[in-house]
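A short worksheet on the structure shown next.
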Amino acid sequence: MSSGQFIKYQTTNISAKRSASQIQALCKQYGARKIEARYVDNEIESIRFILDTKRGPIPILVRAPTEPVYQVFRKNRPAGNRKGQRAQAHRVAWRHMRDLTEQRLLAAKINVEDPAEAFMAHIEQEPGVTTGQLMLEQVEARGGFENVLQLPLGA
């Protein structure tokens, strides 16, 4: 993929399962508990875990959004093998989630961010539904961030 938008790990051969396994190991290393991976059609779909904080336990749900990465691949190489591009996008998305999860866990451990802040978008509010999803639904329902945020944009 020499033209178009660059994506870190775009040529990775590391499987999504391996990235997910590394996320689970990181969660254990940083003290998370009840770590579980969910698979659909033998592909990793999500990872759940509990972070204990001074305010109580926080349920976290991590997913890797394959579709946006796939769309970049399609834009960069429209004549490419779609099935191969989708599989590669899945690997790339999980590799990125591995990095992001590690950075969030580290930030929480060294108190750069509160664990709730670090994982706010990924806090599971009800089975399969995160704070980030609920927030975006509200934004869409109200016609955009300017109709949700209390501060004027550009303030």
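How things are named: the first chain in the structure tokens is A, the next is B, and so on; residues count from 1 in each chain; ligands count from 1 in the order shown.
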*Could you give me, as a ChimeraX atom specification, each residue of stretch 88-148 of chain A that DSSP assigns to helix (DSSP H, G or I) when run on this structure's backbone?*
/A:88-109,115-118,120-122,131-141,145-147
What does the file look like for those residues with C-alpha atoms, as a tab-separated table (two decimals), in the first residue's frame?
```tsv
chain	number	residue	atom	x	y	z
A	88	GLN	CA	-5.83	-7.38	7.12
A	89	ALA	CA	-8.02	-4.57	8.48
A	90	HIS	CA	-9.08	-6.89	11.33
A	91	ARG	CA	-5.43	-7.61	12.19
A	92	VAL	CA	-4.50	-3.91	12.00
A	93	ALA	CA	-7.45	-2.75	14.12
A	94	TRP	CA	-6.63	-5.23	16.90
A	95	ARG	CA	-2.96	-4.26	16.80
A	96	HIS	CA	-3.96	-0.64	17.36
A	97	MET	CA	-6.31	-1.62	20.21
A	98	ARG	CA	-3.42	-3.47	21.82
A	99	ASP	CA	-1.32	-0.28	21.78
A	100	LEU	CA	-4.19	1.92	22.97
A	101	THR	CA	-5.11	-0.44	25.79
A	102	GLU	CA	-1.51	-0.63	26.97
A	103	GLN	CA	-1.20	3.17	26.98
A	104	ARG	CA	-4.48	3.60	28.87
A	105	LEU	CA	-3.51	1.00	31.47
A	106	LEU	CA	-0.11	2.63	31.93
A	107	ALA	CA	-1.61	6.13	32.19
A	108	ALA	CA	-3.97	4.88	34.89
A	109	LYS	CA	-1.21	3.06	36.77
A	115	PRO	CA	-8.78	4.81	35.16
A	116	ALA	CA	-12.33	6.01	34.50
A	117	GLU	CA	-10.99	8.87	32.36
A	118	ALA	CA	-8.56	6.64	30.50
A	120	MET	CA	-14.38	6.42	29.62
A	121	ALA	CA	-15.56	5.53	26.11
A	122	HIS	CA	-15.15	1.82	26.86
A	131	THR	CA	-20.41	4.95	27.34
A	132	GLY	CA	-18.91	6.00	24.02
A	133	GLN	CA	-21.76	4.39	22.05
A	134	LEU	CA	-24.39	6.04	24.25
A	135	MET	CA	-22.71	9.43	23.93
A	136	LEU	CA	-22.51	9.21	20.14
A	137	GLU	CA	-26.19	8.22	19.97
A	138	GLN	CA	-27.04	11.37	21.94
A	139	VAL	CA	-24.87	13.52	19.68
A	140	GLU	CA	-26.51	12.10	16.55
A	141	ALA	CA	-30.01	12.44	18.02
A	145	PHE	CA	-21.78	18.15	19.23
A	146	GLU	CA	-22.68	21.83	19.11
A	147	ASN	CA	-26.15	20.84	20.35
```
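Neighbours of A:Glu43 closer than or equal to 10 Å, with only C-alpha atoms counted and sequence neighbours fewer than 6 positions away skipped, come out as Ser15, Ala16, Lys17 and His90 of chain A.
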*Excluding A:Pro59 and residues on its chain fewer than 4 positions from it, collect all residues at most 8 Å away from it, counting only C-alpha atoms, and give them as a ChimeraX atom specification.*
/A:48-51,123-125
Given the selection you just returned, output its residues as a file containing C-alpha atoms, formatted as a PDB file, in the first residue's frame.
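Saved to result_27.pdb:
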```pdb
ATOM      1  CA  ARG A  48     -14.073  -7.488  28.693  1.00  0.00           C
ATOM      2  CA  PHE A  49     -12.350  -6.885  32.000  1.00  0.00           C
ATOM      3  CA  ILE A  50     -12.846  -5.223  35.366  1.00  0.00           C
ATOM      4  CA  LEU A  51     -10.578  -2.480  36.670  1.00  0.00           C
ATOM      5  CA  ILE A 123     -17.000   1.588  30.182  1.00  0.00           C
ATOM      6  CA  GLU A 124     -19.710  -1.005  29.693  1.00  0.00           C
ATOM      7  CA  GLN A 125     -23.037   0.513  30.760  1.00  0.00           C
TER       8      GLN A 125
END
```
_DSSP strand (DSSP E or B) residues within chain A, as a PyMOL selection string_ = chain A and resi 33-40+43-53+56-62+123-126+129-130
*Have a look at A:Ile58, A:Ile14, A:Ala20, A:Ala87 and name the one nearest to A:Lys34; count only C-alpha atoms.*
A:Ile58
*Would you work out the distance separating atom CA of A:Thr12 from atom CA of A:Tyr70, expressed in Å to one decimal?*
14.0 Å
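Counting from atom CA of A:Lys8, the distance to atom CA of A:Val69 is 10.6 Å.
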*Mind pulling up the distance from atom CA of A:Asp52 to atom CA of A:Thr130?*
17.6 Å
*For A:Ser46, please output as a ChimeraX atom specification all residues within 6 Å (counting only C-alpha atoms; exclusion window: fewer than 3 positions along the same chain).*
/A:37-38,62-63
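With distances restricted to only C-alpha atoms, A:Glu36 is the closest residue to A:Ser21 from A:Glu36, A:Ala64, A:Gly80, A:Phe119.
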